[in-house]
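Novice: Just so it is clear, I am handing over data-v6.cif, which has mmCIF, N, CA and C atoms.
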```
data_upload
loop_
_atom_site.label_atom_id
_atom_site.label_comp_id
_atom_site.auth_asym_id
_atom_site.auth_seq_id
_atom_site.Cartn_x
_atom_site.Cartn_y
_atom_site.Cartn_z
N MET A 563 10.88 38.54 40.34
CA MET A 563 11.24 39.17 39.09
C MET A 563 12.37 40.19 39.37
N TRP A 564 13.29 40.28 38.47
CA TRP A 564 14.44 41.18 38.59
C TRP A 564 14.53 42.04 37.34
N GLU A 565 14.96 43.30 37.52
CA GLU A 565 15.07 44.24 36.41
C GLU A 565 16.45 44.88 36.40
N PHE A 566 16.95 45.15 35.19
CA PHE A 566 18.16 45.93 35.04
C PHE A 566 17.77 47.40 35.13
N LYS A 567 18.04 48.02 36.28
CA LYS A 567 17.73 49.45 36.46
C LYS A 567 18.58 49.97 37.61
N ASN A 568 18.58 51.27 37.78
CA ASN A 568 19.35 51.87 38.88
C ASN A 568 18.65 51.60 40.20
N PRO A 569 19.40 51.12 41.19
CA PRO A 569 18.80 50.84 42.50
C PRO A 569 18.62 52.12 43.31
N VAL A 570 17.71 52.04 44.28
CA VAL A 570 17.51 53.10 45.26
C VAL A 570 17.68 52.51 46.65
N ARG A 571 17.85 53.38 47.62
CA ARG A 571 18.10 52.96 49.01
C ARG A 571 17.11 51.89 49.46
N GLY A 572 17.66 50.80 50.02
CA GLY A 572 16.84 49.71 50.54
C GLY A 572 16.51 48.62 49.53
N ASP A 573 16.92 48.80 48.27
CA ASP A 573 16.63 47.78 47.25
C ASP A 573 17.45 46.52 47.48
N GLN A 574 16.82 45.38 47.18
CA GLN A 574 17.56 44.13 47.07
C GLN A 574 18.15 44.11 45.68
N ILE A 575 19.44 43.85 45.59
CA ILE A 575 20.10 43.80 44.29
C ILE A 575 20.84 42.48 44.14
N ARG A 576 21.17 42.17 42.89
CA ARG A 576 21.96 40.97 42.64
C ARG A 576 22.80 41.20 41.39
N VAL A 577 23.81 40.35 41.23
CA VAL A 577 24.67 40.37 40.07
C VAL A 577 24.96 38.92 39.68
N ASN A 578 24.94 38.66 38.39
CA ASN A 578 25.19 37.31 37.89
C ASN A 578 26.68 37.01 37.98
N ARG A 579 27.01 35.92 38.65
CA ARG A 579 28.40 35.48 38.79
C ARG A 579 28.68 34.22 37.96
N GLY A 580 27.82 33.94 37.00
CA GLY A 580 28.02 32.77 36.15
C GLY A 580 27.20 31.59 36.63
N LEU A 581 27.66 30.90 37.65
CA LEU A 581 26.95 29.73 38.16
C LEU A 581 25.89 30.09 39.20
N TYR A 582 25.94 31.32 39.68
CA TYR A 582 25.00 31.74 40.73
C TYR A 582 24.83 33.26 40.67
N TYR A 583 23.86 33.76 41.42
CA TYR A 583 23.67 35.20 41.59
C TYR A 583 24.16 35.58 42.98
N HIS A 584 24.87 36.70 43.05
CA HIS A 584 25.32 37.24 44.34
C HIS A 584 24.35 38.36 44.73
N HIS A 585 23.82 38.31 45.95
CA HIS A 585 22.77 39.22 46.42
C HIS A 585 23.30 40.19 47.47
N GLY A 586 22.68 41.37 47.51
CA GLY A 586 23.03 42.36 48.51
C GLY A 586 21.91 43.37 48.72
N ILE A 587 22.17 44.28 49.63
CA ILE A 587 21.25 45.37 49.95
C ILE A 587 21.93 46.69 49.57
N TYR A 588 21.26 47.46 48.72
CA TYR A 588 21.79 48.73 48.27
C TYR A 588 21.41 49.84 49.23
N ALA A 589 22.41 50.61 49.69
CA ALA A 589 22.15 51.79 50.51
C ALA A 589 22.54 53.05 49.74
N SER A 590 23.67 52.98 49.01
CA SER A 590 24.15 54.09 48.19
C SER A 590 25.22 53.54 47.25
N GLU A 591 25.75 54.41 46.40
CA GLU A 591 26.82 53.98 45.48
C GLU A 591 28.04 53.48 46.27
N ASP A 592 28.19 53.99 47.49
CA ASP A 592 29.34 53.62 48.32
C ASP A 592 29.03 52.55 49.36
N LYS A 593 27.76 52.16 49.48
CA LYS A 593 27.39 51.21 50.53
C LYS A 593 26.42 50.15 50.01
N VAL A 594 26.95 48.96 49.83
CA VAL A 594 26.16 47.78 49.53
C VAL A 594 26.52 46.74 50.58
N TYR A 595 25.51 46.23 51.28
CA TYR A 595 25.71 45.24 52.33
C TYR A 595 25.48 43.86 51.74
N HIS A 596 26.42 42.96 51.99
CA HIS A 596 26.29 41.60 51.46
C HIS A 596 27.17 40.65 52.24
N PHE A 597 26.83 39.37 52.12
CA PHE A 597 27.57 38.30 52.77
C PHE A 597 28.65 37.85 51.79
N ALA A 598 29.90 38.07 52.14
CA ALA A 598 30.99 37.71 51.24
C ALA A 598 32.28 37.57 52.02
N ALA A 599 33.23 36.88 51.41
CA ALA A 599 34.57 36.79 51.99
C ALA A 599 35.35 38.03 51.57
N PRO A 600 36.24 38.51 52.41
CA PRO A 600 37.05 39.68 52.05
C PRO A 600 37.87 39.41 50.79
N SER A 601 38.23 40.46 50.08
CA SER A 601 39.05 40.32 48.87
C SER A 601 40.28 39.49 49.15
N GLY A 602 40.54 38.56 48.22
CA GLY A 602 41.70 37.69 48.36
C GLY A 602 41.38 36.35 48.99
N SER A 603 40.20 36.23 49.63
CA SER A 603 39.86 34.94 50.25
C SER A 603 38.46 34.49 49.84
N GLU A 604 38.04 34.91 48.63
CA GLU A 604 36.69 34.62 48.15
C GLU A 604 36.37 33.13 48.07
N ILE A 605 37.38 32.30 47.89
CA ILE A 605 37.11 30.86 47.76
C ILE A 605 37.03 30.15 49.11
N SER A 606 37.13 30.90 50.19
CA SER A 606 37.07 30.32 51.53
C SER A 606 35.80 30.78 52.23
N PRO A 607 34.70 30.04 52.10
CA PRO A 607 33.43 30.47 52.70
C PRO A 607 33.50 30.66 54.21
N GLU A 608 34.42 29.98 54.89
CA GLU A 608 34.52 30.15 56.34
C GLU A 608 34.97 31.57 56.70
N ASN A 609 35.53 32.31 55.74
CA ASN A 609 35.95 33.69 55.98
C ASN A 609 34.84 34.70 55.67
N ALA A 610 33.71 34.23 55.16
CA ALA A 610 32.62 35.14 54.76
C ALA A 610 32.01 35.83 55.98
N ARG A 611 31.73 37.09 55.79
CA ARG A 611 31.10 37.94 56.81
C ARG A 611 30.13 38.87 56.09
N VAL A 612 29.24 39.50 56.82
CA VAL A 612 28.45 40.57 56.26
C VAL A 612 29.38 41.77 56.16
N ILE A 613 29.57 42.26 54.95
CA ILE A 613 30.48 43.37 54.71
C ILE A 613 29.74 44.49 53.99
N CYS A 614 30.39 45.64 53.91
CA CYS A 614 29.86 46.79 53.18
C CYS A 614 30.93 47.22 52.18
N THR A 615 30.55 47.25 50.91
CA THR A 615 31.47 47.67 49.86
C THR A 615 30.76 48.69 48.97
N SER A 616 31.49 49.23 48.02
CA SER A 616 30.87 50.10 47.03
C SER A 616 30.07 49.24 46.04
N LEU A 617 29.19 49.88 45.32
CA LEU A 617 28.43 49.15 44.30
C LEU A 617 29.38 48.57 43.26
N ASN A 618 30.40 49.34 42.85
CA ASN A 618 31.36 48.82 41.86
C ASN A 618 32.07 47.58 42.36
N ASP A 619 32.48 47.58 43.62
CA ASP A 619 33.14 46.39 44.18
C ASP A 619 32.17 45.21 44.25
N PHE A 620 30.92 45.47 44.59
CA PHE A 620 29.91 44.42 44.63
C PHE A 620 29.72 43.80 43.24
N LEU A 621 29.64 44.65 42.22
CA LEU A 621 29.35 44.19 40.86
C LEU A 621 30.53 43.50 40.19
N LYS A 622 31.74 43.89 40.52
CA LYS A 622 32.95 43.31 39.90
C LYS A 622 32.82 43.24 38.38
N GLY A 623 32.33 44.32 37.79
CA GLY A 623 32.21 44.38 36.33
C GLY A 623 30.89 43.86 35.79
N GLY A 624 30.05 43.30 36.64
CA GLY A 624 28.75 42.80 36.20
C GLY A 624 27.70 43.90 36.17
N ASN A 625 26.48 43.53 35.86
CA ASN A 625 25.37 44.47 35.77
C ASN A 625 24.41 44.26 36.94
N VAL A 626 24.01 45.37 37.54
CA VAL A 626 23.11 45.30 38.69
C VAL A 626 21.69 44.97 38.24
N GLU A 627 21.07 44.07 38.98
CA GLU A 627 19.65 43.76 38.80
C GLU A 627 18.96 44.12 40.11
N VAL A 628 17.76 44.71 40.00
CA VAL A 628 17.00 45.17 41.15
C VAL A 628 15.72 44.33 41.25
N ARG A 629 15.42 43.89 42.44
CA ARG A 629 14.22 43.08 42.65
C ARG A 629 12.96 43.90 42.44
N ASP A 630 12.03 43.34 41.68
CA ASP A 630 10.72 43.94 41.43
C ASP A 630 9.72 43.09 42.21
N TYR A 631 9.04 43.69 43.17
CA TYR A 631 8.20 42.95 44.11
C TYR A 631 6.77 42.78 43.63
N THR A 632 6.18 41.67 44.02
CA THR A 632 4.74 41.46 43.79
C THR A 632 3.98 42.30 44.82
N GLU A 633 2.69 42.46 44.64
CA GLU A 633 1.86 43.20 45.60
C GLU A 633 1.94 42.56 46.99
N GLU A 634 1.91 41.24 47.02
CA GLU A 634 1.97 40.52 48.30
C GLU A 634 3.32 40.78 48.98
N GLU A 635 4.41 40.77 48.20
CA GLU A 635 5.73 41.04 48.77
C GLU A 635 5.84 42.48 49.27
N LEU A 636 5.27 43.41 48.53
CA LEU A 636 5.30 44.82 48.95
C LEU A 636 4.59 45.01 50.28
N ALA A 637 3.54 44.24 50.51
CA ALA A 637 2.79 44.34 51.77
C ALA A 637 3.61 43.84 52.95
N ARG A 638 4.52 42.90 52.71
CA ARG A 638 5.35 42.30 53.77
C ARG A 638 6.70 42.98 53.94
N LYS A 639 7.14 43.66 52.91
CA LYS A 639 8.49 44.23 52.87
C LYS A 639 8.65 45.37 53.87
N ARG A 640 9.81 45.38 54.53
CA ARG A 640 10.14 46.47 55.44
C ARG A 640 10.36 47.77 54.65
N LYS A 641 10.33 48.88 55.35
CA LYS A 641 10.61 50.18 54.74
C LYS A 641 12.10 50.27 54.43
N PRO A 642 12.49 51.06 53.40
CA PRO A 642 13.90 51.13 53.01
C PRO A 642 14.87 51.43 54.15
N ASP A 643 14.55 52.38 55.01
CA ASP A 643 15.46 52.70 56.12
C ASP A 643 15.59 51.54 57.11
N GLU A 644 14.51 50.77 57.29
CA GLU A 644 14.55 49.60 58.17
C GLU A 644 15.42 48.51 57.56
N ILE A 645 15.33 48.34 56.24
CA ILE A 645 16.13 47.34 55.54
C ILE A 645 17.61 47.65 55.69
N VAL A 646 17.97 48.90 55.43
CA VAL A 646 19.38 49.31 55.52
C VAL A 646 19.87 49.23 56.97
N ALA A 647 19.05 49.66 57.92
CA ALA A 647 19.44 49.60 59.34
C ALA A 647 19.68 48.16 59.77
N TYR A 648 18.83 47.24 59.32
CA TYR A 648 19.01 45.82 59.66
C TYR A 648 20.34 45.33 59.08
N ALA A 649 20.58 45.64 57.81
CA ALA A 649 21.82 45.21 57.16
C ALA A 649 23.03 45.76 57.89
N GLU A 650 22.99 47.04 58.20
CA GLU A 650 24.12 47.69 58.87
C GLU A 650 24.36 47.10 60.26
N SER A 651 23.28 46.76 60.95
CA SER A 651 23.42 46.22 62.30
C SER A 651 24.03 44.82 62.31
N HIS A 652 24.11 44.18 61.16
CA HIS A 652 24.68 42.84 61.07
C HIS A 652 26.07 42.82 60.45
N LEU A 653 26.67 44.00 60.26
CA LEU A 653 28.04 44.06 59.74
C LEU A 653 28.96 43.19 60.59
N GLY A 654 29.77 42.39 59.93
CA GLY A 654 30.72 41.53 60.62
C GLY A 654 30.17 40.17 61.01
N GLU A 655 28.85 39.99 60.87
CA GLU A 655 28.24 38.71 61.23
C GLU A 655 28.83 37.59 60.38
N ALA A 656 29.13 36.47 61.02
CA ALA A 656 29.69 35.30 60.35
C ALA A 656 28.60 34.23 60.24
N GLY A 657 28.99 33.01 60.02
CA GLY A 657 28.05 31.90 59.98
C GLY A 657 27.57 31.56 58.58
N TYR A 658 28.33 31.97 57.57
CA TYR A 658 27.95 31.66 56.19
C TYR A 658 27.78 30.16 56.00
N ASP A 659 26.73 29.78 55.31
CA ASP A 659 26.46 28.38 54.95
C ASP A 659 25.76 28.41 53.61
N LEU A 660 26.31 27.74 52.63
CA LEU A 660 25.78 27.79 51.27
C LEU A 660 24.30 27.44 51.20
N VAL A 661 23.87 26.45 51.98
CA VAL A 661 22.49 25.97 51.90
C VAL A 661 21.55 26.71 52.86
N ASN A 662 22.04 27.11 54.02
CA ASN A 662 21.15 27.67 55.05
C ASN A 662 21.35 29.13 55.40
N ASN A 663 22.48 29.72 54.99
CA ASN A 663 22.76 31.11 55.38
C ASN A 663 23.72 31.75 54.39
N ASN A 664 23.23 31.99 53.17
CA ASN A 664 24.07 32.58 52.14
C ASN A 664 23.67 34.05 51.89
N CYS A 665 24.23 34.65 50.86
CA CYS A 665 23.98 36.07 50.59
C CYS A 665 22.51 36.34 50.26
N GLU A 666 21.82 35.40 49.61
CA GLU A 666 20.40 35.59 49.31
C GLU A 666 19.56 35.47 50.58
N HIS A 667 19.91 34.54 51.46
CA HIS A 667 19.23 34.45 52.76
C HIS A 667 19.34 35.78 53.50
N PHE A 668 20.56 36.34 53.53
CA PHE A 668 20.79 37.61 54.23
C PHE A 668 19.94 38.73 53.62
N SER A 669 19.95 38.83 52.31
CA SER A 669 19.18 39.88 51.64
C SER A 669 17.69 39.79 51.96
N ASN A 670 17.16 38.58 51.96
CA ASN A 670 15.73 38.39 52.28
C ASN A 670 15.43 38.66 53.75
N ARG A 671 16.37 38.32 54.64
CA ARG A 671 16.18 38.65 56.06
C ARG A 671 16.10 40.16 56.25
N CYS A 672 16.96 40.88 55.54
CA CYS A 672 16.94 42.35 55.63
C CYS A 672 15.61 42.91 55.15
N ALA A 673 15.14 42.43 54.01
CA ALA A 673 13.93 42.99 53.39
C ALA A 673 12.64 42.52 54.03
N PHE A 674 12.59 41.26 54.45
CA PHE A 674 11.33 40.67 54.92
C PHE A 674 11.36 40.13 56.34
N GLY A 675 12.54 40.00 56.91
CA GLY A 675 12.65 39.39 58.23
C GLY A 675 12.59 37.88 58.18
N VAL A 676 12.71 37.31 56.98
CA VAL A 676 12.63 35.86 56.78
C VAL A 676 13.82 35.40 55.95
N SER A 677 14.49 34.37 56.42
CA SER A 677 15.64 33.82 55.71
C SER A 677 15.15 32.85 54.64
N ASP A 678 15.48 33.16 53.38
CA ASP A 678 14.99 32.34 52.28
C ASP A 678 15.95 32.47 51.09
N SER A 679 16.08 31.39 50.31
CA SER A 679 16.92 31.42 49.11
C SER A 679 16.26 30.64 47.99
N THR A 680 15.80 31.36 46.98
CA THR A 680 15.20 30.74 45.80
C THR A 680 16.23 29.87 45.09
N GLN A 681 17.47 30.36 45.02
CA GLN A 681 18.52 29.59 44.33
C GLN A 681 18.70 28.22 44.96
N VAL A 682 18.76 28.18 46.29
CA VAL A 682 18.95 26.91 46.98
C VAL A 682 17.76 26.00 46.73
N LYS A 683 16.55 26.53 46.83
CA LYS A 683 15.35 25.73 46.59
C LYS A 683 15.35 25.13 45.18
N GLU A 684 15.76 25.94 44.18
CA GLU A 684 15.78 25.45 42.80
C GLU A 684 16.80 24.32 42.62
N VAL A 685 17.98 24.47 43.21
CA VAL A 685 19.01 23.43 43.10
C VAL A 685 18.56 22.16 43.81
N LEU A 686 18.01 22.30 45.02
CA LEU A 686 17.55 21.12 45.75
C LEU A 686 16.41 20.42 45.02
N SER A 687 15.53 21.19 44.40
CA SER A 687 14.44 20.61 43.62
C SER A 687 14.98 19.87 42.40
N MET A 688 15.98 20.43 41.77
CA MET A 688 16.60 19.78 40.60
C MET A 688 17.24 18.46 41.03
N ILE A 689 17.94 18.46 42.15
CA ILE A 689 18.58 17.24 42.65
C ILE A 689 17.53 16.19 43.00
N ALA A 690 16.47 16.63 43.68
CA ALA A 690 15.40 15.70 44.03
C ALA A 690 14.78 15.08 42.78
N GLY A 691 14.66 15.88 41.72
CA GLY A 691 14.10 15.39 40.47
C GLY A 691 14.92 14.29 39.83
N LEU A 692 16.20 14.26 40.11
CA LEU A 692 17.07 13.21 39.57
C LEU A 692 16.74 11.85 40.17
N PHE A 693 16.12 11.83 41.35
CA PHE A 693 15.85 10.59 42.05
C PHE A 693 14.39 10.16 41.95
N ARG A 694 13.63 10.82 41.13
CA ARG A 694 12.21 10.44 40.97
C ARG A 694 12.04 9.40 39.93
#
```
In C-alpha cells, how does this file's structure come out?

Specialist:
Amino acid sequence: MWEFKNPVRGDQIRVNRGLYYHHGIYASEDKVYHFAAPSGSEISPENARVICTSLNDFLKGGNVEVRDYTEEELARKRKPDEIVAYAESHLGEAGYDLVNNNCEHFSNRCAFGVSDSTQVKEVLSMIAGLFR
C-alpha cells in the first residue's frame, strides 16, 4: 500500500512515471537514493547507476508516494539509518536490468535485504495470462 504523504528518513518512496513507478529511498529533501541514468541519458539503461539526487529531481514534477507497511513487513524491515546506510554504500553501483535489478529491486534490498519487484511480477503474470 502506498500513501501520498511527506516522507521521513529511511522511507521507500515512489513517483508515477506514466507506464511505471520509479522507486527510491528517502534520506532528506536533498538526498534520495535510486537506480537511474544520469540526466540526459535516461533512455539508456546501460548508463543507470545508484545515484543520489534531491527529492525534487527524483519527482520531476510528480507527487511522492510513501510505502505503508503491513505488520509482517514492519517486523522484517531494517531500521531507517540501516536503510539509508545500505543505499549510500551502493552509490555508483551499476548492473541495471529491467527484469532482475531495477529501481524497485534496489529499494526493497535497502529496506528488507531482499531484491523484489511487484511491478515486474505483475507484468510477467499478465503476459503469462495471455498464454493460458

Novice: A:Asn618: which residues within 7 Å, counting all atoms listed in the file, same-chain residues fewer than 3 positions away excluded, as a PyMOL selection string?

Specialist: chain A and resi 591-592+615+621-623

Novice: Give the strand (DSSP E or B) residues of chain A, as assigned by DSSP on the backbone, as a PyMOL selection string.

Specialist: chain A and resi 564-565+574-578+583-590+593-598+611-615+627-629+659+663

Novice: Limited to N, CA and C atoms, could you put the picked residues into a file as a PDB file, in the frame of the given file?

Specialist:
```
ATOM      1  N   TRP A 564      13.290  40.280  38.470  1.00  0.00           N
ATOM      2  CA  TRP A 564      14.440  41.180  38.590  1.00  0.00           C
ATOM      3  C   TRP A 564      14.530  42.040  37.340  1.00  0.00           C
ATOM      4  N   GLU A 565      14.960  43.300  37.520  1.00  0.00           N
ATOM      5  CA  GLU A 565      15.070  44.240  36.410  1.00  0.00           C
ATOM      6  C   GLU A 565      16.450  44.880  36.400  1.00  0.00           C
ATOM      7  N   GLN A 574      16.820  45.380  47.180  1.00  0.00           N
ATOM      8  CA  GLN A 574      17.560  44.130  47.070  1.00  0.00           C
ATOM      9  C   GLN A 574      18.150  44.110  45.680  1.00  0.00           C
ATOM     10  N   ILE A 575      19.440  43.850  45.590  1.00  0.00           N
ATOM     11  CA  ILE A 575      20.100  43.800  44.290  1.00  0.00           C
ATOM     12  C   ILE A 575      20.840  42.480  44.140  1.00  0.00           C
ATOM     13  N   ARG A 576      21.170  42.170  42.890  1.00  0.00           N
ATOM     14  CA  ARG A 576      21.960  40.970  42.640  1.00  0.00           C
ATOM     15  C   ARG A 576      22.800  41.200  41.390  1.00  0.00           C
ATOM     16  N   VAL A 577      23.810  40.350  41.230  1.00  0.00           N
ATOM     17  CA  VAL A 577      24.670  40.370  40.070  1.00  0.00           C
ATOM     18  C   VAL A 577      24.960  38.920  39.680  1.00  0.00           C
ATOM     19  N   ASN A 578      24.940  38.660  38.390  1.00  0.00           N
ATOM     20  CA  ASN A 578      25.190  37.310  37.890  1.00  0.00           C
ATOM     21  C   ASN A 578      26.680  37.010  37.980  1.00  0.00           C
ATOM     22  N   TYR A 583      23.860  33.760  41.420  1.00  0.00           N
ATOM     23  CA  TYR A 583      23.670  35.200  41.590  1.00  0.00           C
ATOM     24  C   TYR A 583      24.160  35.580  42.980  1.00  0.00           C
ATOM     25  N   HIS A 584      24.870  36.700  43.050  1.00  0.00           N
ATOM     26  CA  HIS A 584      25.320  37.240  44.340  1.00  0.00           C
ATOM     27  C   HIS A 584      24.350  38.360  44.730  1.00  0.00           C
ATOM     28  N   HIS A 585      23.820  38.310  45.950  1.00  0.00           N
ATOM     29  CA  HIS A 585      22.770  39.220  46.420  1.00  0.00           C
ATOM     30  C   HIS A 585      23.300  40.190  47.470  1.00  0.00           C
ATOM     31  N   GLY A 586      22.680  41.370  47.510  1.00  0.00           N
ATOM     32  CA  GLY A 586      23.030  42.360  48.510  1.00  0.00           C
ATOM     33  C   GLY A 586      21.910  43.370  48.720  1.00  0.00           C
ATOM     34  N   ILE A 587      22.170  44.280  49.630  1.00  0.00           N
ATOM     35  CA  ILE A 587      21.250  45.370  49.950  1.00  0.00           C
ATOM     36  C   ILE A 587      21.930  46.690  49.570  1.00  0.00           C
ATOM     37  N   TYR A 588      21.260  47.460  48.720  1.00  0.00           N
ATOM     38  CA  TYR A 588      21.790  48.730  48.270  1.00  0.00           C
ATOM     39  C   TYR A 588      21.410  49.840  49.230  1.00  0.00           C
ATOM     40  N   ALA A 589      22.410  50.610  49.690  1.00  0.00           N
ATOM     41  CA  ALA A 589      22.150  51.790  50.510  1.00  0.00           C
ATOM     42  C   ALA A 589      22.540  53.050  49.740  1.00  0.00           C
ATOM     43  N   SER A 590      23.670  52.980  49.010  1.00  0.00           N
ATOM     44  CA  SER A 590      24.150  54.090  48.190  1.00  0.00           C
ATOM     45  C   SER A 590      25.220  53.540  47.250  1.00  0.00           C
ATOM     46  N   LYS A 593      27.760  52.160  49.480  1.00  0.00           N
ATOM     47  CA  LYS A 593      27.390  51.210  50.530  1.00  0.00           C
ATOM     48  C   LYS A 593      26.420  50.150  50.010  1.00  0.00           C
ATOM     49  N   VAL A 594      26.950  48.960  49.830  1.00  0.00           N
ATOM     50  CA  VAL A 594      26.160  47.780  49.530  1.00  0.00           C
ATOM     51  C   VAL A 594      26.520  46.740  50.580  1.00  0.00           C
ATOM     52  N   TYR A 595      25.510  46.230  51.280  1.00  0.00           N
ATOM     53  CA  TYR A 595      25.710  45.240  52.330  1.00  0.00           C
ATOM     54  C   TYR A 595      25.480  43.860  51.740  1.00  0.00           C
ATOM     55  N   HIS A 596      26.420  42.960  51.990  1.00  0.00           N
ATOM     56  CA  HIS A 596      26.290  41.600  51.460  1.00  0.00           C
ATOM     57  C   HIS A 596      27.170  40.650  52.240  1.00  0.00           C
ATOM     58  N   PHE A 597      26.830  39.370  52.120  1.00  0.00           N
ATOM     59  CA  PHE A 597      27.570  38.300  52.770  1.00  0.00           C
ATOM     60  C   PHE A 597      28.650  37.850  51.790  1.00  0.00           C
ATOM     61  N   ALA A 598      29.900  38.070  52.140  1.00  0.00           N
ATOM     62  CA  ALA A 598      30.990  37.710  51.240  1.00  0.00           C
ATOM     63  C   ALA A 598      32.280  37.570  52.020  1.00  0.00           C
ATOM     64  N   ARG A 611      31.730  37.090  55.790  1.00  0.00           N
ATOM     65  CA  ARG A 611      31.100  37.940  56.810  1.00  0.00           C
ATOM     66  C   ARG A 611      30.130  38.870  56.090  1.00  0.00           C
ATOM     67  N   VAL A 612      29.240  39.500  56.820  1.00  0.00           N
ATOM     68  CA  VAL A 612      28.450  40.570  56.260  1.00  0.00           C
ATOM     69  C   VAL A 612      29.380  41.770  56.160  1.00  0.00           C
ATOM     70  N   ILE A 613      29.570  42.260  54.950  1.00  0.00           N
ATOM     71  CA  ILE A 613      30.480  43.370  54.710  1.00  0.00           C
ATOM     72  C   ILE A 613      29.740  44.490  53.990  1.00  0.00           C
ATOM     73  N   CYS A 614      30.390  45.640  53.910  1.00  0.00           N
ATOM     74  CA  CYS A 614      29.860  46.790  53.180  1.00  0.00           C
ATOM     75  C   CYS A 614      30.930  47.220  52.180  1.00  0.00           C
ATOM     76  N   THR A 615      30.550  47.250  50.910  1.00  0.00           N
ATOM     77  CA  THR A 615      31.470  47.670  49.860  1.00  0.00           C
ATOM     78  C   THR A 615      30.760  48.690  48.970  1.00  0.00           C
ATOM     79  N   GLU A 627      21.070  44.070  38.980  1.00  0.00           N
ATOM     80  CA  GLU A 627      19.650  43.760  38.800  1.00  0.00           C
ATOM     81  C   GLU A 627      18.960  44.120  40.110  1.00  0.00           C
ATOM     82  N   VAL A 628      17.760  44.710  40.000  1.00  0.00           N
ATOM     83  CA  VAL A 628      17.000  45.170  41.150  1.00  0.00           C
ATOM     84  C   VAL A 628      15.720  44.330  41.250  1.00  0.00           C
ATOM     85  N   ARG A 629      15.420  43.890  42.440  1.00  0.00           N
ATOM     86  CA  ARG A 629      14.220  43.080  42.650  1.00  0.00           C
ATOM     87  C   ARG A 629      12.960  43.900  42.440  1.00  0.00           C
ATOM     88  N   ASP A 659      26.730  29.780  55.310  1.00  0.00           N
ATOM     89  CA  ASP A 659      26.460  28.380  54.950  1.00  0.00           C
ATOM     90  C   ASP A 659      25.760  28.410  53.610  1.00  0.00           C
ATOM     91  N   ASN A 663      22.480  29.720  54.990  1.00  0.00           N
ATOM     92  CA  ASN A 663      22.760  31.110  55.380  1.00  0.00           C
ATOM     93  C   ASN A 663      23.720  31.750  54.390  1.00  0.00           C
TER      94      ASN A 663
END
```

Novice: With all atoms listed in the file as the basis for distance, which of A:Met688, A:Arg638, A:Arg694, A:Val612 is at the shortest distance from A:Ala656?

Specialist: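 Checking each candidate against A:Ala656, we get A:Val612 as the closest.
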
Novice: Could you tell me which residues the PyMOL selection byres ((chain A and resi 567) around 6.5) returns for this structure, as a PyMOL selection string?

Specialist: chain A and resi 565-566+568-569+626-628

Novice: Calculate how many Å separate atom C of A:Ser616 from atom N of A:Tyr595, rounding to one decimal.

Specialist: 7.6 Å

Novice: Can you pull out every residue within 7 Å of A:Ala610, counting only N, CA and C atoms, but drop anything in the same chain fewer than 2 positions away, and send it as number ranges by chain?

Specialist: A: 597-600, 606-608, 612-613, 654-658
